[in-house]
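Next comes final.cif, a file with mmCIF, C-alpha atoms.
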data_query
#
loop_
_atom_site.group_PDB
_atom_site.id
_atom_site.type_symbol
_atom_site.label_atom_id
_atom_site.label_comp_id
_atom_site.auth_asym_id
_atom_site.auth_seq_id
_atom_site.Cartn_x
_atom_site.Cartn_y
_atom_site.Cartn_z
ATOM 1 C CA MET A 1087 2.517 -113.289 -158.145
ATOM 2 C CA HIS A 1088 5.733 -115.300 -158.225
ATOM 3 C CA LEU A 1089 6.739 -116.976 -154.968
ATOM 4 C CA SER A 1090 10.184 -118.381 -154.261
ATOM 5 C CA VAL A 1091 11.116 -119.891 -150.889
ATOM 6 C CA ASP A 1092 14.312 -121.759 -149.936
ATOM 7 C CA LEU A 1093 14.436 -123.904 -146.813
ATOM 8 C CA HIS A 1094 17.577 -125.564 -145.410
ATOM 9 C CA TYR A 1095 17.981 -128.742 -143.402
ATOM 10 C CA PRO A 1096 21.048 -129.931 -141.448
ATOM 11 C CA ALA A 1097 21.059 -133.355 -143.102
ATOM 12 C CA GLY A 1098 21.836 -135.037 -146.396
ATOM 13 C CA LEU A 1099 19.442 -135.532 -149.286
ATOM 14 C CA ASP A 1100 18.569 -139.136 -148.386
ATOM 15 C CA ASP A 1101 17.690 -138.293 -144.774
ATOM 16 C CA VAL A 1102 15.588 -135.291 -145.808
ATOM 17 C CA THR A 1103 13.796 -137.365 -148.451
ATOM 18 C CA ARG A 1104 12.965 -140.099 -145.934
ATOM 19 C CA MET A 1105 11.648 -137.422 -143.566
ATOM 20 C CA LEU A 1106 9.428 -135.831 -146.224
ATOM 21 C CA ALA A 1107 8.111 -139.280 -147.227
ATOM 22 C CA SER A 1108 7.274 -140.244 -143.643
ATOM 23 C CA GLU A 1109 3.560 -140.099 -142.903
ATOM 24 C CA ALA A 1110 4.370 -139.649 -139.202
ATOM 25 C CA PHE A 1111 6.454 -136.566 -139.997
ATOM 26 C CA VAL A 1112 3.897 -135.169 -142.448
ATOM 27 C CA ARG A 1113 1.098 -135.389 -139.868
ATOM 28 C CA TRP A 1114 3.284 -134.041 -137.020
ATOM 29 C CA ARG A 1115 4.542 -131.153 -139.176
ATOM 30 C CA ALA A 1116 1.029 -130.226 -140.287
ATOM 31 C CA GLN A 1117 -0.253 -130.186 -136.713
ATOM 32 C CA ARG A 1118 2.755 -128.255 -135.433
ATOM 33 C CA THR A 1119 2.870 -125.570 -138.124
ATOM 34 C CA GLY A 1120 -0.811 -124.746 -138.187
ATOM 35 C CA GLY A 1121 -0.946 -123.397 -134.654
ATOM 36 C CA PRO A 1122 -3.121 -124.484 -131.741
ATOM 37 C CA GLN A 1123 -6.391 -123.811 -133.586
ATOM 38 C CA SER A 1124 -5.522 -125.834 -136.696
ATOM 39 C CA LEU A 1125 -7.021 -129.211 -137.548
ATOM 40 C CA VAL A 1126 -5.337 -131.817 -139.748
ATOM 41 C CA ASP A 1127 -8.050 -133.520 -141.794
ATOM 42 C CA LEU A 1128 -5.735 -135.645 -143.946
ATOM 43 C CA ALA A 1129 -2.029 -136.472 -144.090
ATOM 44 C CA ASP A 1130 -1.358 -139.136 -146.700
ATOM 45 C CA VAL A 1131 1.871 -140.407 -148.282
ATOM 46 C CA THR A 1132 1.839 -142.880 -151.178
ATOM 47 C CA GLY A 1133 4.650 -144.396 -153.218
ATOM 48 C CA SER A 1134 8.224 -144.954 -152.110
ATOM 49 C CA VAL A 1135 11.419 -143.002 -151.614
ATOM 50 C CA ASP A 1136 13.135 -144.992 -154.387
ATOM 51 C CA GLU A 1137 10.416 -144.754 -157.040
ATOM 52 C CA GLY A 1138 8.877 -141.408 -156.175
ATOM 53 C CA PHE A 1139 6.124 -140.490 -153.778
ATOM 54 C CA SER A 1140 3.259 -138.106 -153.253
ATOM 55 C CA VAL A 1141 2.223 -136.235 -150.138
ATOM 56 C CA VAL A 1142 -1.272 -134.808 -149.627
ATOM 57 C CA VAL A 1143 -2.166 -132.728 -146.593
ATOM 58 C CA ARG A 1144 -5.521 -131.130 -145.937
ATOM 59 C CA ARG A 1145 -5.845 -128.916 -142.884
ATOM 60 C CA THR A 1146 -7.958 -126.136 -141.481
ATOM 61 C CA LEU A 1147 -6.059 -123.041 -140.373
ATOM 62 C CA PRO A 1148 -7.098 -119.880 -138.563
ATOM 63 C CA THR A 1149 -6.918 -116.664 -140.600
ATOM 64 C CA ASP A 1150 -4.912 -114.699 -138.051
ATOM 65 C CA GLN A 1151 -2.019 -114.283 -140.533
ATOM 66 C CA ILE A 1152 -4.333 -112.624 -143.077
ATOM 67 C CA PRO A 1153 -4.738 -108.840 -142.658
ATOM 68 C CA ALA A 1154 -8.059 -107.979 -140.999
ATOM 69 C CA HIS A 1155 -9.375 -105.981 -143.972
ATOM 70 C CA LEU A 1156 -8.970 -109.035 -146.242
ATOM 71 C CA ARG A 1157 -10.554 -111.606 -143.916
ATOM 72 C CA ALA A 1158 -13.965 -110.804 -145.360
ATOM 73 C CA PHE A 1159 -12.859 -112.706 -148.476
ATOM 74 C CA VAL A 1160 -11.789 -115.829 -146.574
ATOM 75 C CA GLY A 1161 -13.767 -116.009 -143.301
ATOM 76 C CA ASN A 1162 -12.485 -117.173 -139.902
ATOM 77 C CA ALA A 1163 -10.770 -120.349 -141.101
ATOM 78 C CA LEU A 1164 -9.094 -121.619 -144.245
ATOM 79 C CA GLU A 1165 -9.172 -125.163 -145.555
ATOM 80 C CA VAL A 1166 -5.814 -125.666 -147.222
ATOM 81 C CA ARG A 1167 -5.009 -128.630 -149.467
ATOM 82 C CA GLN A 1168 -1.339 -129.108 -150.342
ATOM 83 C CA ALA A 1169 -0.135 -131.824 -152.705
ATOM 84 C CA GLU A 1170 3.459 -132.595 -153.627
ATOM 85 C CA VAL A 1171 4.490 -135.230 -156.146
ATOM 86 C CA TRP A 1172 8.169 -136.177 -155.962
ATOM 87 C CA GLU A 1173 10.109 -137.915 -158.742
ATOM 88 C CA PRO A 1174 12.939 -140.372 -158.044
ATOM 89 C CA ALA A 1175 16.324 -138.803 -157.292
ATOM 90 C CA THR A 1176 18.677 -138.119 -160.197
ATOM 91 C CA ASP A 1177 22.166 -136.605 -160.104
ATOM 92 C CA GLY A 1178 21.992 -135.797 -156.388
ATOM 93 C CA ARG A 1179 18.714 -133.914 -156.730
ATOM 94 C CA ARG A 1180 15.059 -134.600 -156.397
ATOM 95 C CA ARG A 1181 12.325 -132.657 -158.185
ATOM 96 C CA GLY A 1182 8.581 -132.527 -158.076
ATOM 97 C CA THR A 1183 5.460 -130.461 -158.402
ATOM 98 C CA VAL A 1184 3.451 -128.654 -155.767
ATOM 99 C CA SER A 1185 -0.148 -127.497 -155.725
ATOM 100 C CA LEU A 1186 -1.746 -125.539 -152.925
ATOM 101 C CA GLU A 1187 -5.428 -124.653 -152.882
ATOM 102 C CA ILE A 1188 -7.326 -122.646 -150.326
ATOM 103 C CA THR A 1189 -10.917 -123.873 -150.368
ATOM 104 C CA GLY A 1190 -13.430 -121.090 -149.911
ATOM 105 C CA ALA A 1191 -10.900 -118.477 -150.925
ATOM 106 C CA PRO A 1192 -10.022 -117.655 -154.486
ATOM 107 C CA VAL A 1193 -6.317 -118.493 -154.063
ATOM 108 C CA ARG A 1194 -4.204 -121.208 -155.674
ATOM 109 C CA MET A 1195 -0.474 -121.839 -156.017
ATOM 110 C CA THR A 1196 1.131 -124.204 -158.518
ATOM 111 C CA GLY A 1197 4.805 -124.743 -159.112
ATOM 112 C CA THR A 1198 7.833 -126.895 -158.556
ATOM 113 C CA VAL A 1199 9.627 -128.202 -155.523
ATOM 114 C CA SER A 1200 13.168 -129.515 -155.335
ATOM 115 C CA LEU A 1201 15.768 -130.942 -152.976
ATOM 116 C CA GLU A 1202 19.459 -130.407 -153.566
ATOM 117 C CA GLN A 1203 22.425 -131.711 -151.579
ATOM 118 C CA LEU A 1204 24.727 -128.797 -150.714
ATOM 119 C CA PRO A 1205 28.543 -129.101 -150.506
ATOM 120 C CA ASP A 1206 28.473 -128.587 -146.713
ATOM 121 C CA GLY A 1207 26.252 -131.664 -146.243
ATOM 122 C CA ARG A 1208 22.996 -129.751 -145.760
ATOM 123 C CA THR A 1209 20.015 -129.971 -148.103
ATOM 124 C CA ARG A 1210 18.197 -127.079 -149.764
ATOM 125 C CA HIS A 1211 14.420 -127.496 -150.188
ATOM 126 C CA SER A 1212 13.134 -124.986 -152.763
ATOM 127 C CA TYR A 1213 9.632 -123.935 -153.734
ATOM 128 C CA GLU A 1214 9.016 -121.935 -156.938
ATOM 129 C CA GLY A 1215 5.553 -121.129 -158.099
ATOM 130 C CA GLU A 1216 2.822 -118.794 -159.144
ATOM 131 C CA LEU A 1217 0.248 -117.716 -156.619
ATOM 132 C CA LYS A 1218 -2.995 -116.427 -158.096
ATOM 133 C CA ALA A 1219 -6.088 -114.891 -156.603
ATOM 134 C CA THR A 1220 -9.274 -114.425 -158.586
ATOM 135 C CA VAL A 1221 -10.824 -111.529 -156.728
ATOM 136 C CA PRO A 1222 -11.858 -108.601 -158.915
ATOM 137 C CA LEU A 1223 -10.123 -105.359 -157.908
ATOM 138 C CA PHE A 1224 -8.394 -106.867 -154.857
ATOM 139 C CA ALA A 1225 -6.405 -109.724 -156.445
ATOM 140 C CA ALA A 1226 -2.981 -108.123 -155.836
ATOM 141 C CA ALA A 1227 -3.719 -107.449 -152.154
ATOM 142 C CA VAL A 1228 -5.092 -110.957 -151.609
ATOM 143 C CA GLU A 1229 -2.101 -112.506 -153.422
ATOM 144 C CA GLU A 1230 0.343 -110.504 -151.302
ATOM 145 C CA ALA A 1231 -1.394 -111.520 -148.067
ATOM 146 C CA ALA A 1232 -1.615 -115.175 -149.161
ATOM 147 C CA ALA A 1233 2.060 -115.170 -150.204
ATOM 148 C CA GLY A 1234 3.018 -113.937 -146.743
ATOM 149 C CA ALA A 1235 0.950 -116.664 -145.100
ATOM 150 C CA VAL A 1236 2.378 -119.365 -147.409
ATOM 151 C CA ARG A 1237 5.947 -118.148 -146.794
ATOM 152 C CA ALA A 1238 5.385 -118.119 -143.000
ATOM 153 C CA THR A 1239 3.907 -121.629 -143.117
ATOM 154 C CA LEU A 1240 6.833 -122.977 -145.165
ATOM 155 C CA GLU A 1241 9.326 -121.370 -142.774
ATOM 156 C CA SER A 1242 7.486 -123.040 -139.868
ATOM 157 C CA GLU A 1243 7.729 -126.329 -141.759
ATOM 158 C CA GLU A 1244 11.483 -125.763 -142.078
ATOM 159 C CA GLN A 1245 11.734 -125.345 -138.292
ATOM 160 C CA ALA A 1246 9.699 -128.528 -137.825
ATOM 161 C CA GLY A 1247 12.016 -130.402 -140.207
ATOM 162 C CA VAL A 1248 15.136 -129.204 -138.405
ATOM 163 C CA GLU A 1249 13.589 -130.262 -135.100
ATOM 164 C CA TRP A 1250 12.684 -133.694 -136.504
ATOM 165 C CA LEU A 1251 16.129 -134.270 -138.012
ATOM 166 C CA THR A 1252 18.056 -133.210 -134.896
ATOM 167 C CA ALA A 1253 15.854 -134.938 -132.296
ATOM 168 C CA PRO A 1254 17.688 -137.546 -130.228
#
Structure rendered as structure tokens:
Amino acid sequence: MHLSVDLHYPAGLDDVTRMLASEAFVRWRAQRTGGPQSLVDLADVTGSVDEGFSVVVRRTLPTDQIPAHLRAFVGNALEVRQAEVWEPATDGRRRGTVSLEITGAPVRMTGTVSLEQLPDGRTRHSYEGELKATVPLFAAAVEEAAAGAVRATLESEEQAGVEWLTAP
């Protein structure tokens, strides 16, 4: 299943990049967007804004966003590992790769991530990827449910980013 999500931030490319490369933001965002029952096991940023950086987050999330009839495939909690590898900026854009794995569930997403400065001064943060489930007979239903959960999580991350960027 193809997944495409665009997020928007009220700041320029450089400010958004510094935010995404901040370990403090990465940890805060992961804790905030997972809900009160989530646990952040790892939030690690390596590299630099100028030369490119990678972000790895591993967290445990409740399965309340997964439809009840599909929870049998994933249990009461999901361990999610998300890795993004960002290249240096070129021509007012920044590109990278994203990988998201749900341990204990047969779901994985791989794709690209990008930042683009918009003419109005905001920045668009785009995710494009393929989400695949390897469950015989139920793959489409699991992919659809997982796509909804991934989309909701990314939209929560957008809200966290806006909050971070506009905080006094």
- Task: Name every residue that the PyMOL selection byres ((chain A and resi 1132-1137) around 8) selects in this structure, writing the answer as a ChimeraX atom specification with chains first and numbers rising.
- Result: /A:1103-1104,1107,1130-1131,1138-1141,1173-1175
- Task: Excluding Arg1145 of chain A and any residue of its chain fewer than 6 positions from it, enumerate the residues within 10 Å of it, using only C-alpha atoms, and give them as a PyMOL selection string.
- Result: chain A and resi 1113+1116-1117+1120+1124-1129+1164-1168+1188
Using C-alpha atoms, can you export the residues from the last selection as a compact mmCIF listing (two decimals), in the coordinates of the input?
# COMPACT_ATOMS: atom_id res chain seq x y z
CA ARG A 1113 1.10 -135.39 -139.87
CA ALA A 1116 1.03 -130.23 -140.29
CA GLN A 1117 -0.25 -130.19 -136.71
CA GLY A 1120 -0.81 -124.75 -138.19
CA SER A 1124 -5.52 -125.83 -136.70
CA LEU A 1125 -7.02 -129.21 -137.55
CA VAL A 1126 -5.34 -131.82 -139.75
CA ASP A 1127 -8.05 -133.52 -141.79
CA LEU A 1128 -5.74 -135.65 -143.95
CA ALA A 1129 -2.03 -136.47 -144.09
CA LEU A 1164 -9.09 -121.62 -144.24
CA GLU A 1165 -9.17 -125.16 -145.56
CA VAL A 1166 -5.81 -125.67 -147.22
CA ARG A 1167 -5.01 -128.63 -149.47
CA GLN A 1168 -1.34 -129.11 -150.34
CA ILE A 1188 -7.33 -122.65 -150.33
- What is the atom CA of Val1193 of chain A to atom CA of Gly1215 of chain A distance in Å? 12.8 Å
- On this file, the PyMOL selection byres ((chain A and resi 1200) around 7) gives some set of residues; write that set as a ChimeraX atom specification. /A:1180-1182,1198-1199,1201-1202,1211-1213
- List, as a PyMOL selection string, every residue that the PyMOL selection byres ((chain A and resi 1248) around 10) selects in the file provided. chain A and resi 1093-1097+1102+1242-1247+1249-1253
- Task: Take atom CA of Gly1207 of chain A and atom CA of Leu1099 of chain A and report the distance between them in Å, one decimal.
- Result: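 That distance, rounded to one decimal, is 8.4 Å.
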- Give the answer as one residue: which of A:Val1143, A:Ala1110, A:Ala1169, A:Val1221 has the shortest atom-to-atom distance to Thr1196 of chain A, using all atoms listed in the file?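 So, comparing all the options, the nearest one is A:Ala1169.
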- Query: So how many Å separate atom CA of Ala1226 of chain A and atom CA of Ser1185 of chain A, to one decimal?
  - Reply: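 About the pair atom CA of Ala1226 of chain A and atom CA of Ser1185 of chain A: they are 19.6 Å apart.
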- Query: Out of A:Arg1115, A:Arg1179, A:Lys1218, A:Arg1237, which residue has the shortest atom-to-atom distance to Asp1100 of chain A when counting only C-alpha atoms?
  - Reply: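 Among the listed residues, A:Arg1179 lies closest to Asp1100 of chain A.
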- Nearest to Ser1090 of chain A, chosen from A:Glu1229, A:Glu1170, A:Glu1216, A:Glu1187, with all atoms listed in the file counted in the distances: A:Glu1216
Edge lengths and centre in Å to one decimal, as JSON, of the axis-aligned box that encloses all listed atoms of segment 1176-1189 of chain A with 5 Å added on every side?
{"center_x": 5.6, "center_y": -130.4, "center_z": -155.3, "size_x": 43.1, "size_y": 25.5, "size_z": 19.9}
- When distances are computed from all atoms listed in the file, which of A:Val1184, A:Leu1240, A:Val1142, A:Met1087 shows the smallest separation from Val1228 of chain A?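 Nearest candidate to Val1228 of chain A out of A:Val1184, A:Leu1240, A:Val1142, A:Met1087: A:Met1087.
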